[in-house]
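Below is the file final-v1.cif, which contains mmCIF, C-alpha atoms and all ligand atoms.
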```
data_protein
#
loop_
_atom_site.label_atom_id
_atom_site.label_comp_id
_atom_site.auth_asym_id
_atom_site.auth_seq_id
_atom_site.Cartn_x
_atom_site.Cartn_y
_atom_site.Cartn_z
CA MET A 1 69.15 -60.53 109.52
CA GLU A 2 67.71 -57.85 107.22
CA ALA A 3 65.08 -60.28 105.89
CA TYR A 4 63.91 -61.23 109.40
CA LEU A 5 63.61 -57.62 110.41
CA GLU A 6 61.57 -56.92 107.31
CA GLN A 7 59.18 -59.70 108.26
CA PHE A 8 58.80 -58.24 111.71
CA GLU A 9 58.31 -54.75 110.30
CA ALA A 10 55.48 -56.04 108.10
CA ILE A 11 53.75 -57.52 111.15
CA VAL A 12 54.10 -54.27 113.09
CA LYS A 13 52.65 -52.25 110.21
CA GLN A 14 49.75 -54.66 109.81
CA GLN A 15 48.90 -54.39 113.51
CA MET A 16 49.20 -50.59 113.49
CA ALA A 17 46.68 -50.48 110.63
CA ARG A 18 44.38 -52.78 112.63
CA VAL A 19 44.54 -50.48 115.63
CA GLU A 20 43.57 -47.48 113.47
CA LYS A 21 40.65 -49.42 112.04
CA MET A 22 39.44 -50.47 115.49
CA LYS A 23 39.64 -46.90 116.75
CA ASN A 24 37.41 -45.71 113.90
CA ASP A 25 35.04 -48.65 113.97
CA LYS A 26 31.30 -48.10 114.04
CA ASP A 27 28.87 -49.61 116.49
CA PHE A 28 27.27 -53.07 116.30
CA VAL A 29 24.74 -53.82 113.54
CA ASP A 30 21.17 -53.10 114.62
CA TYR A 31 19.31 -56.14 113.26
CA LYS A 32 15.92 -54.57 113.92
CA ALA A 33 16.75 -51.75 111.53
CA LEU A 34 17.52 -54.11 108.63
CA ASP A 35 14.91 -54.80 105.94
CA LYS A 36 16.17 -58.34 105.65
CA ILE A 37 18.59 -60.46 107.66
CA ILE A 38 20.70 -62.80 105.58
CA ILE A 39 21.76 -65.99 107.37
CA GLY A 40 24.69 -67.73 105.67
CA VAL A 41 25.02 -71.48 106.17
CA VAL A 42 28.55 -72.84 105.78
CA GLY A 43 28.74 -76.62 105.98
CA GLY A 44 32.53 -76.77 106.25
CA ASP A 45 33.96 -80.27 105.88
CA GLY A 46 33.89 -83.75 107.35
CA ILE A 47 30.57 -84.21 109.15
CA GLY A 48 29.96 -80.44 108.85
CA PRO A 49 27.59 -80.40 105.85
CA ALA A 50 25.48 -83.23 107.30
CA ILE A 51 24.95 -81.68 110.75
CA THR A 52 24.66 -78.10 109.49
CA ALA A 53 21.91 -79.09 107.05
CA GLN A 54 19.91 -80.45 110.00
CA ALA A 55 20.42 -77.25 111.99
CA GLN A 56 19.30 -75.25 108.96
CA ARG A 57 16.08 -77.32 108.74
CA VAL A 58 15.32 -76.54 112.37
CA LEU A 59 15.99 -72.81 111.95
CA GLU A 60 13.93 -72.67 108.76
CA TYR A 61 11.07 -74.32 110.60
CA LEU A 62 11.25 -71.76 113.43
CA LEU A 63 11.58 -68.78 111.08
CA ALA A 64 9.15 -69.97 108.39
CA ASP A 65 6.91 -66.89 108.76
CA GLU A 66 9.87 -64.51 108.65
CA VAL A 67 11.19 -66.16 105.49
CA LYS A 68 7.73 -65.89 103.89
CA LYS A 69 7.57 -62.19 104.79
CA GLY A 70 11.01 -61.66 103.28
CA LYS A 71 12.48 -60.59 106.63
CA VAL A 72 14.96 -63.48 106.71
CA GLU A 73 16.81 -65.27 103.94
CA PHE A 74 18.97 -68.39 104.17
CA LYS A 75 21.98 -68.55 101.90
CA VAL A 76 23.95 -71.79 101.62
CA ILE A 77 27.65 -71.19 100.99
CA ASP A 78 29.54 -74.17 99.60
CA GLY A 79 33.22 -74.46 99.01
CA CYS A 80 34.70 -73.95 102.48
CA THR A 81 36.03 -77.52 102.37
CA ILE A 82 39.58 -78.60 103.14
CA GLU A 83 39.96 -79.83 99.53
CA ASN A 84 39.12 -76.37 98.15
CA ARG A 85 41.09 -74.49 100.77
CA ALA A 86 44.20 -76.60 100.22
CA ALA A 87 43.85 -76.34 96.42
CA ALA A 88 43.52 -72.53 96.64
CA GLY A 89 46.40 -72.41 99.12
CA LYS A 90 44.20 -70.18 101.27
CA ALA A 91 42.50 -70.46 104.63
CA ILE A 92 39.28 -69.27 102.96
CA PRO A 93 39.01 -69.22 99.13
CA ASP A 94 38.29 -65.71 97.78
CA ASP A 95 34.88 -66.57 96.33
CA VAL A 96 33.77 -68.08 99.65
CA LEU A 97 34.95 -65.00 101.54
CA ALA A 98 33.06 -62.71 99.14
CA GLU A 99 29.86 -64.74 99.75
CA LEU A 100 30.37 -64.64 103.52
CA LYS A 101 30.58 -60.87 103.39
CA LYS A 102 27.13 -60.70 101.79
CA CYS A 103 25.60 -62.22 104.94
CA HIS A 104 24.78 -60.61 108.29
CA VAL A 105 25.17 -63.73 110.39
CA ILE A 106 26.68 -67.13 109.63
CA LEU A 107 25.98 -70.62 110.92
CA LYS A 108 29.12 -72.68 110.46
CA GLY A 109 29.96 -76.36 110.65
CA PRO A 110 33.44 -77.55 111.64
CA THR A 111 36.38 -77.04 109.29
CA THR A 112 39.51 -79.19 109.32
CA THR A 113 42.65 -77.37 110.48
CA PRO A 114 45.67 -78.89 108.72
CA ARG A 115 49.06 -79.15 110.34
CA LYS A 116 52.56 -79.87 109.14
CA GLY A 117 52.87 -83.38 107.71
CA ASP A 118 49.16 -83.75 106.80
CA LYS A 119 48.15 -84.74 103.30
CA TRP A 120 46.87 -81.16 102.89
CA GLN A 121 48.88 -78.02 102.36
CA ASN A 122 49.47 -76.47 105.79
CA VAL A 123 47.13 -73.48 105.29
CA GLU A 124 45.93 -71.28 108.16
CA SER A 125 42.90 -72.47 110.13
CA ALA A 126 39.63 -71.40 108.45
CA ASN A 127 38.24 -70.54 111.89
CA VAL A 128 41.10 -68.25 112.75
CA ALA A 129 41.00 -66.66 109.28
CA MET A 130 37.24 -66.08 109.40
CA ARG A 131 37.50 -64.51 112.83
CA LYS A 132 40.21 -62.16 111.55
CA GLU A 133 38.66 -61.39 108.14
CA LEU A 134 35.22 -60.62 109.58
CA ASP A 135 36.70 -59.10 112.75
CA LEU A 136 34.75 -61.46 115.02
CA PHE A 137 36.55 -60.31 118.12
CA ALA A 138 34.47 -61.94 120.85
CA ASN A 139 34.14 -65.68 121.20
CA VAL A 140 31.31 -66.14 123.69
CA ARG A 141 31.01 -69.61 125.16
CA PRO A 142 28.41 -70.38 127.78
CA VAL A 143 28.73 -73.49 129.96
CA LYS A 144 25.85 -74.46 132.24
CA VAL A 145 25.52 -77.45 134.56
CA PRO A 146 22.65 -76.52 136.88
CA GLU A 147 22.98 -79.59 139.10
CA LEU A 148 26.59 -78.62 139.88
CA GLY A 149 25.80 -74.93 140.31
CA ILE A 150 27.88 -74.08 137.22
CA ASP A 151 26.79 -71.11 135.12
CA TRP A 152 29.80 -69.64 133.32
CA THR A 153 30.03 -67.35 130.32
CA PHE A 154 33.48 -67.11 128.77
CA PHE A 155 34.47 -64.09 126.70
CA ARG A 156 37.50 -65.28 124.74
CA GLU A 157 39.30 -62.60 122.70
CA ASN A 158 39.31 -63.91 119.17
CA THR A 159 41.46 -61.73 116.92
CA GLU A 160 44.77 -61.27 118.77
CA CYS A 161 47.22 -63.18 121.01
CA MET A 162 49.20 -66.12 119.60
CA TYR A 163 46.49 -67.14 117.16
CA ALA A 164 46.27 -63.98 115.06
CA LEU A 165 49.94 -64.30 114.14
CA GLY A 166 50.14 -68.07 114.41
CA SER A 167 50.87 -68.45 110.69
CA GLN A 168 53.39 -65.60 110.58
CA GLY A 169 56.16 -67.02 112.72
CA VAL A 170 59.76 -66.91 111.55
CA ASN A 171 62.31 -69.70 111.29
CA ILE A 172 65.79 -68.31 111.73
CA GLY A 173 68.19 -70.80 110.21
CA ASP A 174 67.67 -74.40 111.31
CA ASP A 175 67.81 -73.86 115.03
CA ILE A 176 65.60 -70.95 116.03
CA ALA A 177 61.87 -70.52 115.65
CA PHE A 178 59.90 -67.44 116.69
CA ASP A 179 56.18 -66.91 116.98
CA PHE A 180 54.64 -63.57 117.82
CA ARG A 181 51.90 -62.61 120.22
CA VAL A 182 50.04 -59.34 120.00
CA CYS A 183 47.73 -57.47 122.36
CA THR A 184 46.40 -54.02 121.51
CA SER A 185 44.63 -51.51 123.74
CA PRO A 186 41.49 -51.17 121.59
CA GLY A 187 41.47 -54.95 121.08
CA ALA A 188 41.49 -55.65 124.82
CA GLU A 189 39.13 -52.77 125.57
CA ARG A 190 36.38 -53.98 123.23
CA ILE A 191 36.29 -57.56 124.54
CA ALA A 192 36.31 -56.31 128.13
CA ARG A 193 33.48 -53.84 127.46
CA LEU A 194 31.33 -56.50 125.82
CA ALA A 195 31.86 -58.82 128.81
CA PHE A 196 31.04 -56.14 131.38
CA GLU A 197 27.98 -55.00 129.39
CA TYR A 198 26.81 -58.61 129.30
CA ALA A 199 27.40 -58.94 133.05
CA ARG A 200 25.43 -55.77 133.76
CA ALA A 201 22.54 -56.67 131.44
CA ASN A 202 22.25 -60.15 132.94
CA GLY A 203 22.59 -59.24 136.60
CA LYS A 204 25.94 -60.98 137.03
CA LYS A 205 27.85 -59.94 140.13
CA ARG A 206 31.39 -60.97 139.29
CA VAL A 207 33.74 -60.68 136.31
CA THR A 208 37.00 -62.65 136.37
CA ILE A 209 39.98 -61.66 134.23
CA VAL A 210 42.36 -64.52 133.40
CA THR A 211 45.96 -63.90 132.26
CA LYS A 212 49.53 -64.81 133.15
CA ALA A 213 50.49 -61.18 133.59
CA ASN A 214 53.13 -61.92 136.23
CA VAL A 215 55.24 -63.77 133.65
CA VAL A 216 54.02 -62.61 130.22
CA LYS A 217 54.38 -59.04 131.27
CA THR A 218 53.92 -57.03 128.10
CA THR A 219 50.93 -58.51 126.29
CA ASP A 220 49.09 -60.03 129.25
CA GLY A 221 50.08 -56.97 131.27
CA LYS A 222 48.31 -54.75 128.74
CA PHE A 223 45.28 -57.05 128.56
CA LEU A 224 44.82 -56.98 132.33
CA GLU A 225 45.36 -53.24 132.56
CA GLU A 226 42.79 -52.50 129.84
CA CYS A 227 40.22 -54.82 131.45
CA LYS A 228 40.72 -53.10 134.79
CA LYS A 229 40.25 -49.68 133.17
CA VAL A 230 36.93 -50.81 131.69
CA ALA A 231 35.91 -52.30 135.06
CA LYS A 232 35.90 -48.80 136.58
CA ASP A 233 32.77 -48.02 134.53
CA TYR A 234 30.95 -50.91 136.24
CA PRO A 235 31.38 -50.22 139.96
CA GLU A 236 28.51 -52.54 140.93
CA ILE A 237 30.41 -55.54 139.56
CA GLU A 238 33.09 -57.29 141.60
CA VAL A 239 36.28 -57.90 139.63
CA ASP A 240 38.97 -60.45 140.32
CA ASP A 241 42.05 -61.42 138.39
CA TRP A 242 43.50 -64.93 138.20
CA TYR A 243 46.43 -66.58 136.51
CA ILE A 244 45.60 -69.19 133.91
CA ASP A 245 47.46 -72.04 135.63
CA ILE A 246 45.62 -71.80 138.93
CA MET A 247 42.40 -71.02 137.05
CA THR A 248 42.52 -74.42 135.29
CA ALA A 249 42.86 -76.00 138.75
CA LYS A 250 40.06 -73.97 140.30
CA LEU A 251 37.56 -75.07 137.67
CA ILE A 252 37.70 -78.50 139.30
CA ASP A 253 37.51 -77.09 142.83
CA GLU A 254 33.86 -77.71 143.71
CA LYS A 255 33.66 -74.93 146.28
CA ARG A 256 35.41 -72.27 144.26
CA ARG A 257 34.13 -72.88 140.74
CA THR A 258 30.51 -72.02 141.47
CA GLN A 259 31.61 -68.46 142.28
CA PHE A 260 32.78 -67.70 138.74
CA GLU A 261 30.22 -66.10 136.45
CA VAL A 262 31.69 -64.08 133.56
CA LEU A 263 35.31 -64.67 132.52
CA ILE A 264 37.48 -62.65 130.14
CA LEU A 265 40.54 -64.25 128.55
CA PRO A 266 43.09 -63.69 125.78
CA ASN A 267 42.71 -66.04 122.81
CA LEU A 268 45.05 -68.93 123.75
CA TYR A 269 43.95 -69.28 127.38
CA GLY A 270 40.35 -68.90 126.27
CA ASP A 271 40.73 -71.72 123.76
CA ILE A 272 42.12 -74.07 126.39
CA LEU A 273 39.92 -73.16 129.34
CA THR A 274 36.67 -73.35 127.35
CA ASP A 275 37.45 -76.94 126.32
CA GLU A 276 38.05 -77.84 129.96
CA ALA A 277 34.86 -76.04 130.98
CA ALA A 278 32.73 -77.73 128.28
CA GLU A 279 33.82 -81.11 129.63
CA PHE A 280 31.67 -80.58 132.77
CA GLN A 281 28.66 -80.17 130.54
CA GLY A 282 29.30 -83.32 128.51
CA GLY A 283 32.22 -82.41 126.27
CA VAL A 284 33.00 -79.98 123.46
CA GLY A 285 30.39 -81.74 121.30
CA THR A 286 27.65 -80.29 123.48
CA ALA A 287 28.74 -76.66 123.36
CA GLY A 288 27.82 -73.95 120.91
CA SER A 289 29.85 -70.84 120.42
CA ALA A 290 29.18 -67.30 119.21
CA ASN A 291 31.83 -65.28 117.38
CA LEU A 292 30.69 -61.68 117.57
CA GLY A 293 31.91 -58.63 115.72
CA LYS A 294 30.48 -55.21 115.00
CA HIS A 295 29.70 -56.00 111.36
CA TYR A 296 29.33 -59.78 111.19
CA CYS A 297 28.65 -62.64 113.58
CA MET A 298 29.30 -66.34 113.21
CA PHE A 299 27.87 -69.20 115.27
CA GLU A 300 29.50 -72.61 115.31
CA ALA A 301 29.86 -75.98 116.93
CA ILE A 302 33.15 -76.17 118.80
CA HIS A 303 33.95 -79.78 117.98
CA GLY A 304 36.04 -80.97 115.02
CA SER A 305 35.07 -82.27 111.58
CA ALA A 306 35.45 -86.03 112.37
CA PRO A 307 36.70 -87.04 108.89
CA ARG A 308 36.80 -90.70 109.98
CA MET A 309 33.03 -90.76 110.37
CA VAL A 310 32.70 -89.65 106.75
CA GLU A 311 35.26 -92.18 105.52
CA GLU A 312 33.28 -94.91 107.25
CA GLY A 313 29.99 -93.59 105.82
CA ARG A 314 28.70 -92.60 109.24
CA ASP A 315 28.13 -88.88 108.71
CA ILE A 316 24.36 -89.37 108.70
CA TYR A 317 24.72 -90.52 112.32
CA ALA A 318 26.72 -87.47 113.42
CA ASP A 319 25.16 -85.54 116.30
CA PRO A 320 23.87 -82.12 115.16
CA CYS A 321 23.13 -81.00 118.74
CA SER A 322 26.06 -78.64 119.10
CA VAL A 323 25.43 -76.81 115.82
CA ILE A 324 21.69 -76.66 116.61
CA ARG A 325 22.63 -75.06 119.92
CA ALA A 326 24.78 -72.59 117.96
CA GLY A 327 21.64 -71.94 115.90
CA ALA A 328 19.74 -71.07 119.09
CA MET A 329 22.46 -68.55 120.00
CA LEU A 330 22.11 -67.09 116.49
CA LEU A 331 18.33 -66.69 116.88
CA SER A 332 18.76 -64.94 120.19
CA HIS A 333 21.44 -62.65 118.80
CA ILE A 334 19.35 -61.41 115.87
CA GLY A 335 16.35 -60.71 118.07
CA TYR A 336 14.27 -63.91 117.89
CA GLN A 337 14.51 -64.63 121.61
CA GLU A 338 11.17 -66.39 121.85
CA GLN A 339 12.19 -68.88 119.13
CA ALA A 340 15.61 -69.30 120.75
CA ASP A 341 14.04 -70.13 124.12
CA ARG A 342 11.72 -72.67 122.51
CA LEU A 343 14.69 -74.29 120.79
CA TYR A 344 16.78 -74.51 123.98
CA LYS A 345 13.81 -76.06 125.73
CA ALA A 346 13.24 -78.57 122.93
CA ILE A 347 16.92 -79.63 123.07
CA ASP A 348 16.64 -80.17 126.85
CA ASP A 349 13.28 -81.95 126.56
CA CYS A 350 14.64 -84.35 123.93
CA ALA A 351 17.69 -85.08 126.07
CA ALA A 352 15.53 -85.71 129.14
CA GLU A 353 13.03 -87.94 127.33
CA GLY A 354 15.70 -89.71 125.24
CA ARG A 355 13.44 -91.31 122.62
CA TYR A 356 16.28 -90.96 120.11
CA VAL A 357 19.86 -91.34 121.21
CA MET A 358 22.83 -90.37 119.06
CA THR A 359 25.70 -92.86 119.19
CA GLY A 360 27.47 -91.83 116.00
CA ARG A 361 26.77 -95.31 114.61
CA SER A 362 23.95 -97.25 112.99
CA ASP A 363 22.70 -98.48 116.39
CA GLY A 364 21.74 -94.87 117.17
CA ALA A 365 19.53 -92.25 115.57
CA THR A 366 20.44 -90.31 112.43
CA GLY A 367 20.90 -86.54 112.51
CA GLU A 368 17.71 -86.24 110.49
CA GLN A 369 15.71 -88.26 113.00
CA TYR A 370 17.10 -86.15 115.81
CA ALA A 371 16.23 -82.89 114.03
CA ASN A 372 12.69 -84.19 113.38
CA TYR A 373 12.43 -85.06 117.06
CA ILE A 374 13.46 -81.50 118.01
CA MET A 375 10.90 -80.02 115.62
CA GLU A 376 8.19 -82.28 117.02
CA LYS A 377 8.94 -80.88 120.49
CA LEU A 378 8.99 -77.23 119.41
C1 LIG B 401 38.07 -73.56 118.72
C2 LIG B 401 38.97 -74.42 117.91
C3 LIG B 401 39.77 -73.52 116.99
C4 LIG B 401 40.53 -72.55 117.84
C5 LIG B 401 40.72 -74.21 116.05
C6 LIG B 401 40.01 -75.18 115.15
C7 LIG B 401 41.53 -73.23 115.26
O1 LIG B 401 39.79 -75.16 118.74
O2 LIG B 401 37.20 -72.90 118.15
O3 LIG B 401 38.25 -73.49 119.93
O4 LIG B 401 41.50 -72.93 118.45
O5 LIG B 401 40.12 -71.42 117.96
MG MG B 402 39.48 -74.88 120.78
#
```

Hey, can you dump this file as structure tokens for me?
Ligand code: IPM
Ligand code: MG
Amino acid sequence: MEAYLEQFEAIVKQQMARVEKMKNDKDFVDYKALDKIIIGVVGGDGIGPAITAQAQRVLEYLLADEVKKGKVEFKVIDGCTIENRAAAGKAIPDDVLAELKKCHVILKGPTTTPRKGDKWQNVESANVAMRKELDLFANVRPVKVPELGIDWTFFRENTECMYALGSQGVNIGDDIAFDFRVCTSPGAERIARLAFEYARANGKKRVTIVTKANVVKTTDGKFLEECKKVAKDYPEIEVDDWYIDIMTAKLIDEKRRTQFEVLILPNLYGDILTDEAAEFQGGVGTAGSANLGKHYCMFEAIHGSAPRMVEEGRDIYADPCSVIRAGAMLLSHIGYQEQADRLYKAIDDCAAEGRYVMTGRSDGATGEQYANYIMEKL
């Protein structure tokens, strides 16, 4: 029993230290004030390096003048592969982490998340680790389907809930397994504030908080309470709170779903609901995602690493659209809105015209052809 309690004590201490850090944290980086913005490019594994290289080409094309002036630098960071992570027995090898910390923003390809029984050591997810290490607390995922009247922006908390402690569960003997879930006041406050600020800045009228606070009373209870406290500072915005189960149903209710605009969710519910939401837009492969923190930001595709495509030699046919979209979010975030808008438009124009179609196989276009097509439209 002593050993289990010690494990729990370590988790409590670690979270108390996090809370202190959050309370003393500075404000967001002001990119305009930097002499140079360093953009890290992390290929990840599977199809990651192939699609990320294409996204990098597109961004370099759009920022060519800035690179020439020395205002922007691209930095390719290798080594965040499953082979290296498993060999190091770490979610992110130390040298990779040190390189990441030298960047301001990161464009990231997918990384394989091993699980028990895989050929790899069961290390923590590189995504989860990067979000924790760089304190990327807000996972912002927009989903738009204009013809269905859908325009949602999800603010998924990214550093707490089940995921933050997902690799620190405890097996007690052979029969009992515990995982832990954490919610902190400053952790909930900062995601809620970012969501409400976004709503205000973008003229959104409604913010929806999603929990299961009637059952998961302590952590979800705190999350909801903190969000409602923040809401008081935004009296012009209507606030409603929903439970995650009925929320998953209401996303397919044609009348109701068009009323949602900005949604705030704890990590686990946010993970699940954003996959469901992305399906209306054409699947997770079409969505980009921003992971925002006060010091670093990371932009990624939300699909997996498709190792089978690489095994079958098809990675050159992998669709770079989602990571290019993540690149557009990156441009907008660091202040290149005009370039971001051009890129979004080029992606839409290419889809509408359809001269090149990605099938993932040799009967379709390659990622390189698709990226060239985008650049031609820019
Ligand atoms: C996502 C992914 C990750 C997550 C996995 C790969 C850990 O599903 O970004 O949604 O669950 O956060
Ligand atoms: Mg997910």

Selection within 12 Å of ligand MG 402 (chain B) by only C-alpha atoms and all ligand atoms, output as a PyMOL selection string: chain A and resi 110+113+125+127-128+139+141+156+158+163+267-278+283-285+287-289+300-304

One-decimal distance in Å that lies between CA of Ile92 in chain A and CA of Ala126 in chain A: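 Going from CA of Ala126 in chain A over to CA of Ile92 in chain A covers 5.9 Å.
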
Pick from A:Lys294, A:Lys229, A:Ser322, A:Ile191, whichever lies nearest to Ile264 in chain A using all atoms listed in the file: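 Looking only at the distances to Ile264 in chain A, the closest residue turns out to be A:Ile191.
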
Interatomic distance (Å, one decimal) between CA of Thr359 in chain A and CA of Arg308 in chain A: 14.6 Å

What box, with edges along x, y and z, holds each listed atom of range 253-262 of chain A when 3 Å is added on every side, and can you state its centre and edge lengths in Å to one decimal, as JSON?
```
{"center_x": 33.9, "center_y": -70.9, "center_z": 139.9, "size_x": 13.3, "size_y": 19.6, "size_z": 18.7}
```

Contact residues around Lys75 in chain A with all atoms listed in the file at 7 Å, ignoring same-chain residues under 2 positions, as a PyMOL selection string: chain A and resi 38-41+73+77

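A straight line drawn from CA of Glu238 in chain A to CA of Ala199 in chain A is 10.4 Å long.
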
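Shortest atom-to-atom contact with Val96 in chain A among A:Gln121, A:Gln339, A:Thr211, A:Asn84: A:Asn84, counting all atoms listed in the file.
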
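Closest approach to ligand LIG 401 (chain B) among A:Asp319, A:Glu236, A:Asp135, A:Glu124: A:Glu124, based on all atoms listed in the file.
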
Contacts of Ile47 in chain A at 7 Å (all atoms listed in the file; same-chain gap of 3+ positions) as a ChimeraX atom specification: /A:50-51,305-307,310,315,318

Closest of A:Ala326, A:Ile11, A:Leu97, A:Met298 to Ala340 in chain A - atom-to-atom distances counting all atoms listed in the file: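 Checking each of A:Ala326, A:Ile11, A:Leu97, A:Met298 against Ala340 in chain A, counting all atoms listed in the file, the winner is A:Ala326.
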
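The residue that comes closest to ligand LIG 401 (chain B), out of A:Tyr373, A:Tyr317, A:Phe196, A:Phe137 and on the basis of all atoms listed in the file, is A:Phe137.
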
Long-range neighbours of Lys32 in chain A as a list in words, 12 Å cut-off, only C-alpha atoms, 6 positions minimum in chain: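 The neighbour list is Lys71, Val72, His333, Ile334, Gly335 and Tyr336 of chain A.
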
Enumerate, as a CSV table (one decimal) with C-alpha atoms, in the frame of the given file, the protein, DNA and RNA residues whose atoms approach (43.8, -70.1, 138.3) to within 12 Å, taking into account only C-alpha atoms and the coordinate frame of the file.
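Output file part-v5.csv is given in full below:
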```
chain,number,residue,atom,x,y,z
A,208,THR,CA,37.0,-62.6,136.4
A,209,ILE,CA,40.0,-61.7,134.2
A,210,VAL,CA,42.4,-64.5,133.4
A,211,THR,CA,46.0,-63.9,132.3
A,212,LYS,CA,49.5,-64.8,133.2
A,240,ASP,CA,39.0,-60.4,140.3
A,241,ASP,CA,42.0,-61.4,138.4
A,242,TRP,CA,43.5,-64.9,138.2
A,243,TYR,CA,46.4,-66.6,136.5
A,244,ILE,CA,45.6,-69.2,133.9
A,245,ASP,CA,47.5,-72.0,135.6
A,246,ILE,CA,45.6,-71.8,138.9
A,247,MET,CA,42.4,-71.0,137.0
A,248,THR,CA,42.5,-74.4,135.3
A,249,ALA,CA,42.9,-76.0,138.8
A,250,LYS,CA,40.1,-74.0,140.3
A,251,LEU,CA,37.6,-75.1,137.7
A,252,ILE,CA,37.7,-78.5,139.3
A,253,ASP,CA,37.5,-77.1,142.8
A,256,ARG,CA,35.4,-72.3,144.3
A,257,ARG,CA,34.1,-72.9,140.7
A,260,PHE,CA,32.8,-67.7,138.7
A,263,LEU,CA,35.3,-64.7,132.5
A,265,LEU,CA,40.5,-64.2,128.6
A,269,TYR,CA,44.0,-69.3,127.4
A,273,LEU,CA,39.9,-73.2,129.3
```

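Using only C-alpha atoms, the protein and nucleic acid residues lying no more than 10 Å from Lys101 in chain A, apart from those fewer than 2 places from it along its own chain, are Gly40, Val96, Leu97, Ala98, Glu99, Cys103, His104, Val105, Ile106, Glu133, Leu134, His295 and Tyr296 of chain A.
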
Residues within 12 Å of (7.2, -80.5, 119.1), counting all atoms listed in the file, listed as a list in words: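 The residues near that point, listed by chain and number, are Val58, Tyr61, Leu62, Arg342, Leu343, Lys345, Ala346, Ile347, Asp349, Cys350, Tyr370, Ala371, Asn372, Tyr373, Ile374, Met375, Glu376, Lys377 and Leu378 of chain A.
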
Can you complete the atoms of range 328-343 of chain A to N, CA and C atoms and list them as a PDB file, in the frame of the given file?
```
ATOM      1  N   ALA A 328      20.561 -71.749 118.076  1.00  0.00           N
ATOM      2  CA  ALA A 328      19.740 -71.070 119.090  1.00  0.00           C
ATOM      3  C   ALA A 328      20.411 -69.763 119.520  1.00  0.00           C
ATOM      4  N   MET A 329      21.741 -69.788 119.643  1.00  0.00           N
ATOM      5  CA  MET A 329      22.460 -68.550 120.000  1.00  0.00           C
ATOM      6  C   MET A 329      22.288 -67.514 118.897  1.00  0.00           C
ATOM      7  N   LEU A 330      22.288 -67.988 117.643  1.00  0.00           N
ATOM      8  CA  LEU A 330      22.110 -67.090 116.490  1.00  0.00           C
ATOM      9  C   LEU A 330      20.730 -66.426 116.558  1.00  0.00           C
ATOM     10  N   LEU A 331      19.702 -67.227 116.803  1.00  0.00           N
ATOM     11  CA  LEU A 331      18.330 -66.690 116.880  1.00  0.00           C
ATOM     12  C   LEU A 331      18.250 -65.610 117.945  1.00  0.00           C
ATOM     13  N   SER A 332      18.807 -65.893 119.096  1.00  0.00           N
ATOM     14  CA  SER A 332      18.760 -64.940 120.190  1.00  0.00           C
ATOM     15  C   SER A 332      19.511 -63.657 119.816  1.00  0.00           C
ATOM     16  N   HIS A 333      20.628 -63.827 119.152  1.00  0.00           N
ATOM     17  CA  HIS A 333      21.440 -62.650 118.800  1.00  0.00           C
ATOM     18  C   HIS A 333      20.751 -61.727 117.813  1.00  0.00           C
ATOM     19  N   ILE A 334      19.989 -62.284 116.873  1.00  0.00           N
ATOM     20  CA  ILE A 334      19.350 -61.410 115.870  1.00  0.00           C
ATOM     21  C   ILE A 334      17.937 -60.984 116.293  1.00  0.00           C
ATOM     22  N   GLY A 335      17.600 -61.265 117.538  1.00  0.00           N
ATOM     23  CA  GLY A 335      16.350 -60.710 118.070  1.00  0.00           C
ATOM     24  C   GLY A 335      15.170 -61.656 118.114  1.00  0.00           C
ATOM     25  N   TYR A 336      15.373 -62.943 117.797  1.00  0.00           N
ATOM     26  CA  TYR A 336      14.270 -63.910 117.890  1.00  0.00           C
ATOM     27  C   TYR A 336      14.413 -64.719 119.186  1.00  0.00           C
ATOM     28  N   GLN A 337      14.285 -64.011 120.292  1.00  0.00           N
ATOM     29  CA  GLN A 337      14.510 -64.630 121.610  1.00  0.00           C
ATOM     30  C   GLN A 337      13.472 -65.697 121.919  1.00  0.00           C
ATOM     31  N   GLU A 338      12.244 -65.434 121.528  1.00  0.00           N
ATOM     32  CA  GLU A 338      11.170 -66.390 121.850  1.00  0.00           C
ATOM     33  C   GLU A 338      11.471 -67.733 121.151  1.00  0.00           C
ATOM     34  N   GLN A 339      11.864 -67.651 119.875  1.00  0.00           N
ATOM     35  CA  GLN A 339      12.190 -68.880 119.130  1.00  0.00           C
ATOM     36  C   GLN A 339      13.422 -69.573 119.730  1.00  0.00           C
ATOM     37  N   ALA A 340      14.391 -68.735 120.148  1.00  0.00           N
ATOM     38  CA  ALA A 340      15.610 -69.300 120.750  1.00  0.00           C
ATOM     39  C   ALA A 340      15.262 -70.069 122.022  1.00  0.00           C
ATOM     40  N   ASP A 341      14.419 -69.472 122.863  1.00  0.00           N
ATOM     41  CA  ASP A 341      14.040 -70.130 124.120  1.00  0.00           C
ATOM     42  C   ASP A 341      13.315 -71.445 123.853  1.00  0.00           C
ATOM     43  N   ARG A 342      12.440 -71.428 122.852  1.00  0.00           N
ATOM     44  CA  ARG A 342      11.720 -72.670 122.510  1.00  0.00           C
ATOM     45  C   ARG A 342      12.714 -73.745 122.058  1.00  0.00           C
ATOM     46  N   LEU A 343      13.705 -73.321 121.288  1.00  0.00           N
ATOM     47  CA  LEU A 343      14.690 -74.290 120.790  1.00  0.00           C
ATOM     48  C   LEU A 343      15.534 -74.870 121.925  1.00  0.00           C
TER      49      LEU A 343
END
```
